[in-house]
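**Student:** Starting off with a structure, shown below.
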Protein chains: 2
Amino acid sequence: MKVKTVAIIGIALFAGVLSVNGPLLSAEIAQDRVVRLAELEIDPAQLESYKVALQEEIETSIRVEPGVLKLYAVSVKDHPTQIRLFEMYANTAAYEIHLQSPHFKKYKRVTLGMVKSLKLLETEPILLGAK
Amino acid sequence: MKVKTVAIIGIALFAGVLSVNGPLLSAEIAQDRVVRLAELEIDPAQLESYKVALQEEIETSIRVEPGVLKLYAVSVKDHPTQIRLFEMYANTAAYEIHLQSPHFKKYKRVTLGMVKSLKLLETEPILLGAK
């Protein structure tokens with residue numbers, strides 16, 4: 001009986017994980033997904049402070065917002081003050097919720113004087129391939 | 001005994017899935033990850049053909065290459081011929097293998113006359129947040 005219980009729990013957990021992560025195992029066709037790109041130039045003197053604020057914003061968004069799927073932050077090689085963000089939200093509603101979240105508003109407020117330029121690009125997903 | 005076997009398989013599968021997808025459940029700190037961005041301008045007359053070739057390349061890469069983690073293709077809103085790619089590889093070796101793969105070489109060959117301009121950006125990951 002004990003073994004059977006373990007079996008059931010094991011299989012249930014496996015099925016649960018599959019149902020959660022199933023779409024990630026093959027290419028995602030992104031019908032509802034909202035993808036936004038951002039290109040930023042940061043004040044060199046404030047780059048480290050900017051990165052701290054950005055990392056806090058990303059970690060909080062991923063942790064507390066179910067609809068924030070990816071927040072990828074990179075800098076252009078050999079140009080550390082040129083930051084690129086790739087953002088993926090589950091749908092338009094999730095994107096709107098993110099824009100109104102206290103942690104996003106705090107990030108915008110804290111980094112206002114650090115960002116020399118900001119270019120936002122709305123996009124149309126073609127294919128979002130992931131595993 | 002049968003039940004025990006099922007239990008072991010269930011738990012093993014669950015553990016396997018966890019170990020594969022575990023890092024996706026929280027923010028990924030990308031020490032080895034290679035992230036590349038590409039900005040393309042496509043010949044308007046060949047846009048649909050280009051998209052077919054791109055989608056085939058993405059689907060094949062994600063399916064057959066263990067080290068190709070993400071290949072996200074989007075177009076800039078209201079500018080369908082402006083394509084942006086976000087590419088994530090497990091590490092430098094995986095990236096090199098991808099460049100030498102027959103499907104990537106085929107994509108490059110087939111789309112050569114379709115791409116009006118191509119800008120590749122190597123990057124340094126700051127934080128790759130995902131769930």
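Following the order of the structure tokens, first chain is A, next is B, and so on, with residues numbered from 1 inside each chain and ligands from 1 in the order they appear.
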I'd like the contact shell of B:Ala38 - 7 Å cut-off, only C-alpha atoms, skipping same-chain residues fewer than 3 positions apart - returned as a list of chain:residue names.
**Tutor:**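 Residues meeting the cut-off are B:Arg84, B:Leu85, B:Phe86, B:Leu118, B:Lys119, B:Leu120, B:Leu121.
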**Student:** List as a PyMOL selection string the protein and nucleic acid residues near B:Thr92, meaning an atom at most 9 Å away when only C-alpha atoms are counted, but skip any in the same chain fewer than 4 places from it.
**Tutor:** chain B and resi 32-34+96-97
**Student:** Excluding A:Lys106 and any residue of its chain fewer than 4 positions from it, enumerate the residues within 9 Å of it, using only C-alpha atoms, and give them as a list in words.
**Tutor:**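 Once the adjacent positions are removed, what remains is Ala53, Glu57, Ser101, Pro102, Val110 and Thr111 of chain A.
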**Student:** To test your reading of the structure, identify every residue in stretch 55-118 of chain A that backbone DSSP assigns to strand (DSSP E or B), and report it as a list in words.
**Tutor:**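 Restricting stretch 55-118 of chain A to strand (DSSP E or B) produces Val68, Leu69, Lys70, Leu71, Tyr72, Ala73, Val74, Ser75, Val76, His79, Pro80, Thr81, Gln82, Ile83, Arg84, Leu85, Phe86, Glu87, Met88, Tyr89, Val115, Lys116, Ser117 and Leu118 of chain A.
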**Student:** Okay, now the selection with C-alpha atoms, as a short mmCIF file (atom, residue, chain, number, x, y, z; two decimals), in the first residue's frame?
**Tutor:**
```
data_model
loop_
_atom_site.label_atom_id
_atom_site.label_comp_id
_atom_site.auth_asym_id
_atom_site.auth_seq_id
_atom_site.Cartn_x
_atom_site.Cartn_y
_atom_site.Cartn_z
CA VAL A 68 5.55 37.40 -16.85
CA LEU A 69 7.17 34.50 -18.68
CA LYS A 70 10.64 35.79 -19.65
CA LEU A 71 12.66 38.86 -18.81
CA TYR A 72 16.04 38.49 -20.46
CA ALA A 73 18.59 41.25 -19.92
CA VAL A 74 21.89 41.37 -21.80
CA SER A 75 24.47 43.99 -22.66
CA VAL A 76 26.04 44.36 -26.08
CA HIS A 79 29.54 48.04 -24.92
CA PRO A 80 28.41 47.37 -21.33
CA THR A 81 26.24 50.51 -21.15
CA GLN A 82 24.13 49.32 -24.12
CA ILE A 83 21.43 47.11 -22.59
CA ARG A 84 18.91 45.01 -24.50
CA LEU A 85 15.81 43.50 -22.93
CA PHE A 86 13.69 40.70 -24.33
CA GLU A 87 10.34 40.51 -22.53
CA MET A 88 7.63 37.86 -22.97
CA TYR A 89 4.20 38.06 -21.37
CA VAL A 115 18.80 55.89 -18.45
CA LYS A 116 20.23 58.17 -21.14
CA SER A 117 18.01 56.78 -23.89
CA LEU A 118 15.28 54.18 -24.21
#
```
**Student:** Counting only C-alpha atoms, figure out which residue out of B:Ala90, B:Val35, B:Leu40, B:Leu128 gets nearest to B:Glu65.
**Tutor:**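 Checking each of B:Ala90, B:Val35, B:Leu40, B:Leu128 against B:Glu65, counting only C-alpha atoms, the winner is B:Ala90.
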**Student:** Have a look at B:Leu99, B:Val52, B:Ala45, B:Ala93 and name the one nearest to chain A; count only C-alpha atoms.
**Tutor:**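 Smallest separation from chain A among the options: B:Val52.
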**Student:** Given only C-alpha atoms as the basis, pick out the residue of A:Met114, A:Tyr107, A:Tyr95, A:Asp78 nearest to A:Thr60.
**Tutor:**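 Distance minimum relative to A:Thr60 lands on A:Tyr107.
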**Student:** Between atom CA of B:Leu54 and atom CA of A:Gly129, what is the distance, to one decimal in Å?
**Tutor:**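 Atom-to-atom, atom CA of B:Leu54 and atom CA of A:Gly129 are spaced 11.0 Å apart.
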**Student:** Could you tell me how far atom CA of B:Ala94 lies from atom CA of B:Gly67, in Å and to one decimal?
**Tutor:**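 According to the coordinates, atom CA of B:Ala94 and atom CA of B:Gly67 are separated by 4.8 Å.
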**Student:** Which residue is closest to chain B? Choose from A:Asn91, A:Ile58, A:Leu112, A:Phe104 and count only C-alpha atoms.
**Tutor:**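 Counting only C-alpha atoms, the residue closest to chain B is A:Ile58.
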**Student:** Work out how far apart atom CA of B:Ile62 and atom CA of A:Pro125 are and give it in Å to one decimal.
**Tutor:**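 Spanning atom CA of B:Ile62 to atom CA of A:Pro125 is a straight-line distance of 16.7 Å.
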**Student:** So, counting only C-alpha atoms, which residue among A:Gln31, A:Ser49, A:Gln100, A:Ser61 is closest to chain B?
**Tutor:**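 Ranking A:Gln31, A:Ser49, A:Gln100, A:Ser61 by distance to chain B, first place goes to A:Ser61.
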